[in-house]
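Asks: Okay, so here is start.txt, and as you'll see once you scroll down, it has compact mmCIF, C-alpha atoms.
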# COMPACT_ATOMS: atom_id res chain seq x y z
CA MET A 7 24.72 -23.89 10.59
CA ASN A 8 26.77 -26.94 11.44
CA ASP A 9 27.40 -29.92 9.13
CA GLU A 10 24.45 -31.87 10.54
CA GLN A 11 22.07 -28.99 9.85
CA LEU A 12 23.44 -28.55 6.33
CA LEU A 13 22.72 -32.21 5.64
CA ARG A 14 19.31 -32.07 7.33
CA TYR A 15 18.14 -29.18 5.14
CA SER A 16 20.18 -30.08 2.03
CA ARG A 17 17.25 -31.05 -0.22
CA GLN A 18 15.58 -27.75 0.56
CA MET A 19 18.72 -25.68 0.17
CA MET A 20 19.29 -27.21 -3.28
CA LEU A 21 16.43 -25.03 -4.47
CA PRO A 22 17.96 -21.80 -5.85
CA GLU A 23 15.03 -19.81 -4.44
CA VAL A 24 15.93 -21.03 -0.96
CA ASP A 25 19.70 -21.58 -0.87
CA ALA A 26 21.67 -20.79 2.29
CA ALA A 27 20.21 -17.30 2.61
CA GLY A 28 16.64 -18.56 2.69
CA GLN A 29 17.50 -21.30 5.15
CA GLN A 30 19.09 -18.73 7.42
CA ARG A 31 15.93 -16.63 7.27
CA LEU A 32 13.96 -19.66 8.41
CA ALA A 33 16.41 -20.22 11.25
CA ASP A 34 16.05 -16.60 12.35
CA ALA A 35 12.23 -16.61 12.17
CA ARG A 36 9.72 -16.77 14.99
CA VAL A 37 6.33 -18.24 14.05
CA LEU A 38 3.30 -17.97 16.33
CA ILE A 39 0.91 -20.92 15.89
CA ILE A 40 -2.50 -20.42 17.49
CA GLY A 41 -4.21 -23.79 17.87
CA LEU A 42 -2.65 -27.27 17.89
CA GLY A 43 -5.50 -29.24 16.38
CA GLY A 44 -5.62 -30.66 12.87
CA LEU A 45 -4.34 -27.54 11.11
CA GLY A 46 -1.76 -26.66 13.74
CA SER A 47 -0.50 -30.23 13.85
CA SER A 48 0.56 -30.45 10.22
CA ALA A 49 1.66 -26.81 10.04
CA SER A 50 3.90 -27.14 13.11
CA ILE A 51 5.41 -30.43 11.96
CA TYR A 52 6.44 -29.07 8.57
CA LEU A 53 7.71 -25.77 9.96
CA ALA A 54 9.86 -27.58 12.51
CA ALA A 55 11.12 -30.04 9.93
CA ALA A 56 11.95 -27.22 7.50
CA GLY A 57 14.14 -25.47 10.06
CA VAL A 58 12.11 -22.57 11.47
CA GLY A 59 14.18 -21.43 14.41
CA HIS A 60 11.47 -20.60 16.95
CA LEU A 61 7.90 -21.85 17.20
CA VAL A 62 5.50 -20.37 19.75
CA LEU A 63 2.68 -22.86 20.39
CA VAL A 64 -0.62 -21.62 21.83
CA ASP A 65 -3.40 -23.95 22.97
CA TYR A 66 -5.12 -24.28 26.34
CA ASP A 67 -6.71 -27.67 25.61
CA LYS A 68 -5.68 -31.22 26.52
CA VAL A 69 -5.40 -34.16 24.16
CA ASP A 70 -8.63 -36.14 23.85
CA LEU A 71 -9.23 -39.49 22.17
CA SER A 72 -11.53 -37.84 19.64
CA ASN A 73 -8.65 -35.54 18.54
CA LEU A 74 -6.44 -38.34 17.28
CA GLN A 75 -8.38 -38.92 14.04
CA ARG A 76 -6.82 -35.74 12.61
CA GLN A 77 -4.44 -34.07 15.08
CA ILE A 78 -1.30 -35.93 14.03
CA VAL A 79 1.16 -34.12 16.29
CA HIS A 80 -0.41 -36.02 19.24
CA THR A 81 -0.49 -39.75 19.97
CA THR A 82 -2.61 -42.16 22.00
CA ALA A 83 -0.07 -42.00 24.83
CA ASP A 84 -0.63 -38.24 25.03
CA ILE A 85 -4.31 -38.44 25.97
CA GLY A 86 -4.90 -36.15 28.94
CA ARG A 87 -1.70 -34.15 28.42
CA PRO A 88 -1.70 -30.46 27.52
CA LYS A 89 -1.53 -30.18 23.74
CA VAL A 90 1.40 -27.77 23.88
CA GLU A 91 3.46 -30.31 25.84
CA SER A 92 2.56 -33.16 23.53
CA ALA A 93 3.34 -31.08 20.44
CA ARG A 94 6.63 -29.81 21.86
CA GLU A 95 7.82 -33.34 22.53
CA HIS A 96 6.94 -34.46 19.01
CA LEU A 97 8.52 -31.46 17.31
CA LEU A 98 11.77 -31.63 19.27
CA ALA A 99 12.05 -35.33 18.48
CA LEU A 100 11.73 -34.38 14.82
CA ASN A 101 14.13 -31.43 14.96
CA PRO A 102 16.08 -30.66 18.14
CA TYR A 103 17.37 -27.42 16.59
CA THR A 104 13.96 -25.79 16.80
CA ASN A 105 13.26 -23.65 19.86
CA ILE A 106 9.76 -24.16 21.29
CA THR A 107 7.81 -21.79 23.53
CA MET A 108 4.61 -23.18 25.06
CA ILE A 109 1.57 -21.10 26.07
CA ASP A 110 -1.09 -23.32 27.63
CA HIS A 111 -3.68 -20.73 28.65
CA ARG A 112 -6.05 -18.20 27.14
CA LEU A 113 -4.14 -15.21 25.86
CA THR A 114 -5.00 -11.87 27.41
CA ASP A 115 -5.09 -8.78 25.20
CA ASN A 116 -1.57 -7.78 26.22
CA GLU A 117 -0.19 -11.29 25.75
CA LEU A 118 -1.71 -11.57 22.30
CA TRP A 119 -0.32 -8.19 21.34
CA GLU A 120 3.16 -9.03 22.60
CA GLU A 121 3.28 -12.41 20.85
CA VAL A 122 1.96 -11.10 17.53
CA THR A 123 4.38 -8.17 17.64
CA ALA A 124 7.32 -10.51 18.28
CA ALA A 125 6.35 -12.96 15.53
CA THR A 126 7.70 -13.00 11.99
CA VAL A 127 4.50 -14.70 10.82
CA VAL A 128 1.31 -15.78 12.62
CA ILE A 129 -0.55 -18.97 11.73
CA ASP A 130 -4.19 -19.02 12.77
CA ALA A 131 -5.12 -22.68 13.19
CA SER A 132 -8.00 -22.05 15.60
CA ASP A 133 -11.62 -23.12 15.23
CA ASN A 134 -13.73 -20.13 16.23
CA PHE A 135 -14.44 -16.63 14.96
CA GLN A 136 -13.66 -14.92 18.26
CA THR A 137 -10.08 -16.14 18.12
CA ARG A 138 -9.72 -15.50 14.40
CA PHE A 139 -11.05 -11.95 14.60
CA ALA A 140 -8.90 -11.05 17.61
CA THR A 141 -5.79 -12.53 16.00
CA ASN A 142 -6.47 -10.71 12.75
CA GLU A 143 -6.96 -7.41 14.54
CA ALA A 144 -3.69 -7.80 16.42
CA CYS A 145 -1.84 -8.70 13.21
CA VAL A 146 -3.21 -5.64 11.38
CA LYS A 147 -2.13 -3.32 14.16
CA ALA A 148 1.29 -4.97 14.50
CA ASN A 149 1.89 -5.22 10.73
CA THR A 150 2.51 -8.95 11.13
CA PRO A 151 1.55 -11.29 8.25
CA LEU A 152 -1.23 -13.75 9.04
CA VAL A 153 -1.78 -17.14 7.41
CA SER A 154 -5.35 -18.22 8.07
CA GLY A 155 -6.90 -21.63 7.46
CA ALA A 156 -10.23 -23.28 8.25
CA ALA A 157 -11.79 -26.65 7.47
CA ILE A 158 -15.12 -28.33 8.11
CA ARG A 159 -16.84 -31.42 6.74
CA PHE A 160 -15.23 -31.88 3.28
CA GLU A 161 -14.39 -28.23 2.56
CA ALA A 162 -11.63 -25.85 3.52
CA GLN A 163 -10.19 -22.43 2.84
CA VAL A 164 -6.82 -20.76 3.29
CA SER A 165 -5.47 -17.28 2.65
CA VAL A 166 -2.69 -14.86 3.54
CA PHE A 167 -3.36 -11.44 5.03
CA ASN A 168 -0.37 -9.13 4.93
CA PRO A 169 -0.91 -5.74 6.63
CA LYS A 170 2.54 -4.63 5.48
CA ASN A 171 0.68 -3.87 2.25
CA ARG A 172 -2.06 -1.36 3.12
CA ASN A 173 -3.89 -2.18 -0.11
CA SER A 174 -4.40 -5.79 0.92
CA PRO A 175 -7.51 -7.10 2.71
CA CYS A 176 -7.57 -8.52 6.21
CA TYR A 177 -9.49 -11.52 7.54
CA ARG A 178 -12.37 -9.31 8.63
CA CYS A 179 -12.82 -8.11 5.03
CA LEU A 180 -13.81 -11.68 4.20
CA TYR A 181 -16.67 -11.86 6.69
CA GLY A 182 -17.68 -8.31 7.48
CA LYS A 183 -18.61 -6.81 10.83
CA ASP A 184 -21.87 -8.71 11.44
CA THR A 185 -20.61 -12.32 11.39
CA THR A 186 -21.75 -14.13 14.53
CA VAL A 187 -22.25 -17.81 13.58
CA ASP A 188 -19.60 -20.35 14.54
CA GLN A 189 -19.32 -23.77 12.95
CA THR A 190 -16.79 -26.21 14.35
CA CYS A 191 -15.54 -29.71 13.69
CA THR A 192 -16.96 -30.76 17.05
CA ALA A 193 -20.50 -29.94 15.96
CA ASN A 194 -20.26 -30.70 12.24
CA GLY A 195 -17.42 -33.19 11.69
CA VAL A 196 -14.46 -33.12 9.32
CA ILE A 197 -12.62 -35.63 7.12
CA ALA A 198 -9.15 -36.24 8.56
CA PRO A 199 -6.71 -35.57 5.66
CA LEU A 200 -8.37 -32.25 4.84
CA LEU A 201 -6.77 -30.66 7.90
CA GLY A 202 -3.37 -32.02 6.89
CA ILE A 203 -3.66 -30.58 3.40
CA ILE A 204 -4.63 -27.10 4.56
CA GLY A 205 -2.18 -27.07 7.46
CA SER A 206 0.60 -27.96 5.01
CA VAL A 207 -0.46 -25.10 2.72
CA GLN A 208 -0.32 -22.76 5.73
CA ALA A 209 3.21 -23.93 6.50
CA CYS A 210 4.30 -23.42 2.90
CA GLU A 211 2.80 -19.92 2.75
CA ALA A 212 4.49 -19.01 6.03
CA MET A 213 7.85 -20.18 4.69
CA LYS A 214 7.40 -18.14 1.51
CA LEU A 215 6.64 -15.06 3.58
CA ILE A 216 9.69 -15.63 5.77
CA MET A 217 12.03 -16.18 2.81
CA ASP A 218 10.31 -13.57 0.63
CA ILE A 219 9.95 -15.91 -2.34
CA GLY A 220 7.19 -16.65 -4.83
CA GLU A 221 3.67 -15.27 -4.76
CA THR A 222 1.59 -15.91 -1.67
CA LEU A 223 -2.17 -16.14 -1.29
CA GLU A 224 -2.33 -12.47 -0.34
CA GLY A 225 -5.52 -11.04 -1.83
CA ARG A 226 -6.77 -14.50 -2.78
CA LEU A 227 -8.91 -17.11 -1.07
CA LEU A 228 -8.01 -20.70 -1.92
CA LEU A 229 -10.92 -23.11 -1.54
CA LEU A 230 -10.76 -26.91 -1.49
CA ASP A 231 -13.62 -29.37 -1.92
CA VAL A 232 -12.19 -32.82 -1.26
CA MET A 233 -15.46 -34.62 -1.97
CA ASN A 234 -14.98 -33.68 -5.62
CA MET A 235 -11.24 -32.95 -5.24
CA GLU A 236 -11.53 -29.49 -6.73
CA TRP A 237 -9.49 -26.39 -5.94
CA HIS A 238 -10.91 -22.93 -6.55
CA SER A 239 -9.23 -19.56 -6.18
CA ALA A 240 -11.19 -16.35 -5.62
CA ARG A 241 -9.96 -12.78 -5.51
CA LEU A 242 -10.47 -11.14 -2.14
CA PRO A 243 -10.68 -7.33 -2.34
CA LYS A 244 -10.03 -4.97 0.53
CA ASP A 245 -13.21 -3.65 2.13
CA PRO A 246 -12.89 0.14 2.53
CA ASP A 247 -15.51 -0.02 5.29
CA CYS A 248 -13.80 -2.85 7.17
CA PRO A 249 -13.86 -2.07 10.92
CA VAL A 250 -10.28 -3.37 11.26
CA CYS A 251 -8.29 -2.35 8.18
CA GLY A 252 -10.64 0.11 6.48
CA ASP A 253 -10.32 3.86 6.12
CA ALA A 254 -11.19 4.52 9.77
CA LYS A 255 -8.36 4.73 12.26
CA TYR A 256 -7.48 1.60 14.23
CA GLY A 257 -9.10 1.23 17.63
CA THR A 258 -7.78 -0.29 20.81
CA LYS A 259 -5.99 -3.56 21.29
CA PRO A 260 -8.13 -6.71 20.84
CA SER A 261 -9.73 -8.46 23.80
CA HIS A 262 -8.48 -11.81 25.14
CA ILE A 263 -8.91 -14.92 23.02
CA ALA A 264 -9.42 -18.59 23.61
CA ALA A 265 -6.80 -20.56 21.68
CA SER A 266 -8.45 -23.82 20.75
CA ALA A 267 -8.31 -25.76 17.52
CA HIS A 268 -9.92 -28.25 15.16
So, in terms of C-alpha cells, how does the structure I just supplied come out?
Replies:
Amino acid sequence: MNDEQLLRYSRQMMLPEVDAAGQQRLADARVLIIGLGGLGSSASIYLAAAGVGHLVLVDYDKVDLSNLQRQIVHTTADIGRPKVESAREHLLALNPYTNITMIDHRLTDNELWEEVTAATVVIDASDNFQTRFATNEACVKANTPLVSGAAIRFEAQVSVFNPKNRNSPCYRCLYGKDTTVDQTCTANGVIAPLLGIIGSVQACEAMKLIMDIGETLEGRLLLLDVMNMEWHSARLPKDPDCPVCGDAKYGTKPSHIAASAH
C-alpha cells in the first residue's frame, strides 16, 4: 500500500484485530455482490470504502425513480442507467483503488459457478427465492462463504452460511425444500433505512470472514424489527435432510438466476 492508502484506511488499521495484515487481506479479496438494490447499495459502499480490492457487481436492472428511496448507491441523474454502471461510478468516486467488474445480465449456470468459485465471499442482496436458492447451492458446492440478507416492510434478517464448515447449515436449511412463496419490496413495501442497516451488517460480516476475525453469524439468524427497534438472534441448526447440504451427495450445478434486488 502507498502512503495515500495507509492514510485512507488508517482508522481501520488502528484496530489490532485488523492491522496491516487484515487490510492486506481485504485488498486481496474478491467479493461477489448479487443485487444492487437497497442491501447491495450499502454493502457495496462500505466494502469499497473499507478497501476490498475487487468487487464483482451483478444486476440486470436499470435505475428507476422508485428505487431512489432506499438504493443509495444510485442518484436521480442515474435514472434509466444500468444499475451496475451507476454503482461502479459511485464506488470508484469513493475509492479509486477498488477494482470493479460489472455483470449486467442474468447469470447462466456456468457463469454463476465461475463467479462463486472465484469469489472470496458472496453477498446475496437479491429479492427473490430463485436467486437466493441458486446462489446458496453454488456456494455450498464451491465452498464459498455466503452472507445473506433480506428485508421487507419493517422487518429484516441476516445470516452467514459457511460451507467450509460441513457442520454448518446452508440457506436452504432455513426454508426447506418446499418453499415457493416470494414476497418482495415491490409488492409489499419497505422502510428505507432498514435496507441500509442490514446491508451494512452484511458488509461487516463479509469483512470478518475475509480477515478471519471475530465470530460471524454462522449458525445464527439475526432478526430486526425496526417498528419496535428490537434485535433477536436465533440458532439455526443444519438440516440433515436438506436437499443442498444434507447427507445426500450434491447434485448438478444450479440453473441460471435472475440477479435483481430490493
Asks: Given the point (10.3, -22.9, 5.4) in the coordinates of this file, which residues lie within 10 Å, counting only C-alpha atoms, and how would they look as a VMD selection string?
Replies: chain A and resid 18 24 28 to 33 35 52 to 59 209 to 217
Asks: Around the point (-0.4, -6.2, 5.9), in the coordinates given by the file, pick out the residues reaching within 10 Å, counting all atoms listed in the file, and return them as number ranges by chain.
Replies: A: 145-152, 166-176, 224, 251
Asks: Counting all atoms listed in the file, figure out which residue out of A:Gly220, A:Pro249, A:Pro102, A:Gly41 gets nearest to Arg178 in chain A.
Replies: A:Pro249
Asks: Need the shell around Leu45 in chain A: protein/DNA/RNA residues with any atom at most 12 Å away, counting all atoms listed in the file. Skip same-chain ones fewer than 6 positions apart. Format as a ChimeraX atom specification?
Replies: /A:39,51-52,73,76-79,129-133,153-158,162-164,191,196,198-209,266-268
Asks: Go through A:Ala26, A:Ala93, A:Thr81, A:Lys68 and flag the residue nearest Ser50 in chain A, using only C-alpha atoms for the distances.
Replies: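 The closest residue to Ser50 in chain A is A:Ala93.
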Asks: Counting all atoms listed in the file, figure out which residue out of A:Leu97, A:Val122, A:Asp65, A:Leu21 gets nearest to Ile109 in chain A.
Replies: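 Selected residue with least distance to Ile109 in chain A: A:Asp65.
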Asks: So which one's closest to Lys89 in chain A, A:Met20, A:Cys179, A:Leu74, A:Val37? Using all atoms listed in the file, please.
Replies: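 Nearest candidate to Lys89 in chain A out of A:Met20, A:Cys179, A:Leu74, A:Val37: A:Leu74.
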Asks: So that I can check the surroundings of Arg36 in chain A, please list as an mmCIF file with C-alpha atoms, in the frame of the given file every protein, DNA and RNA residue that reaches within 6 Å of it, counting all atoms listed in the file and ignoring chain neighbours fewer than 3 positions away.
Replies:
data_model
loop_
_atom_site.group_PDB
_atom_site.id
_atom_site.type_symbol
_atom_site.label_atom_id
_atom_site.label_comp_id
_atom_site.auth_asym_id
_atom_site.auth_seq_id
_atom_site.Cartn_x
_atom_site.Cartn_y
_atom_site.Cartn_z
ATOM 1 C CA HIS A 60 11.470 -20.600 16.950
ATOM 2 C CA LEU A 61 7.900 -21.850 17.200
ATOM 3 C CA ALA A 125 6.350 -12.960 15.530
ATOM 4 C CA THR A 126 7.700 -13.000 11.990
#
Asks: Compare A:Val128, A:Leu98, A:Val64, A:Met235 by their minimum atom-to-atom distance to Glu143 in chain A, counting all atoms listed in the file, and give me the closest one.
Replies: A:Val128
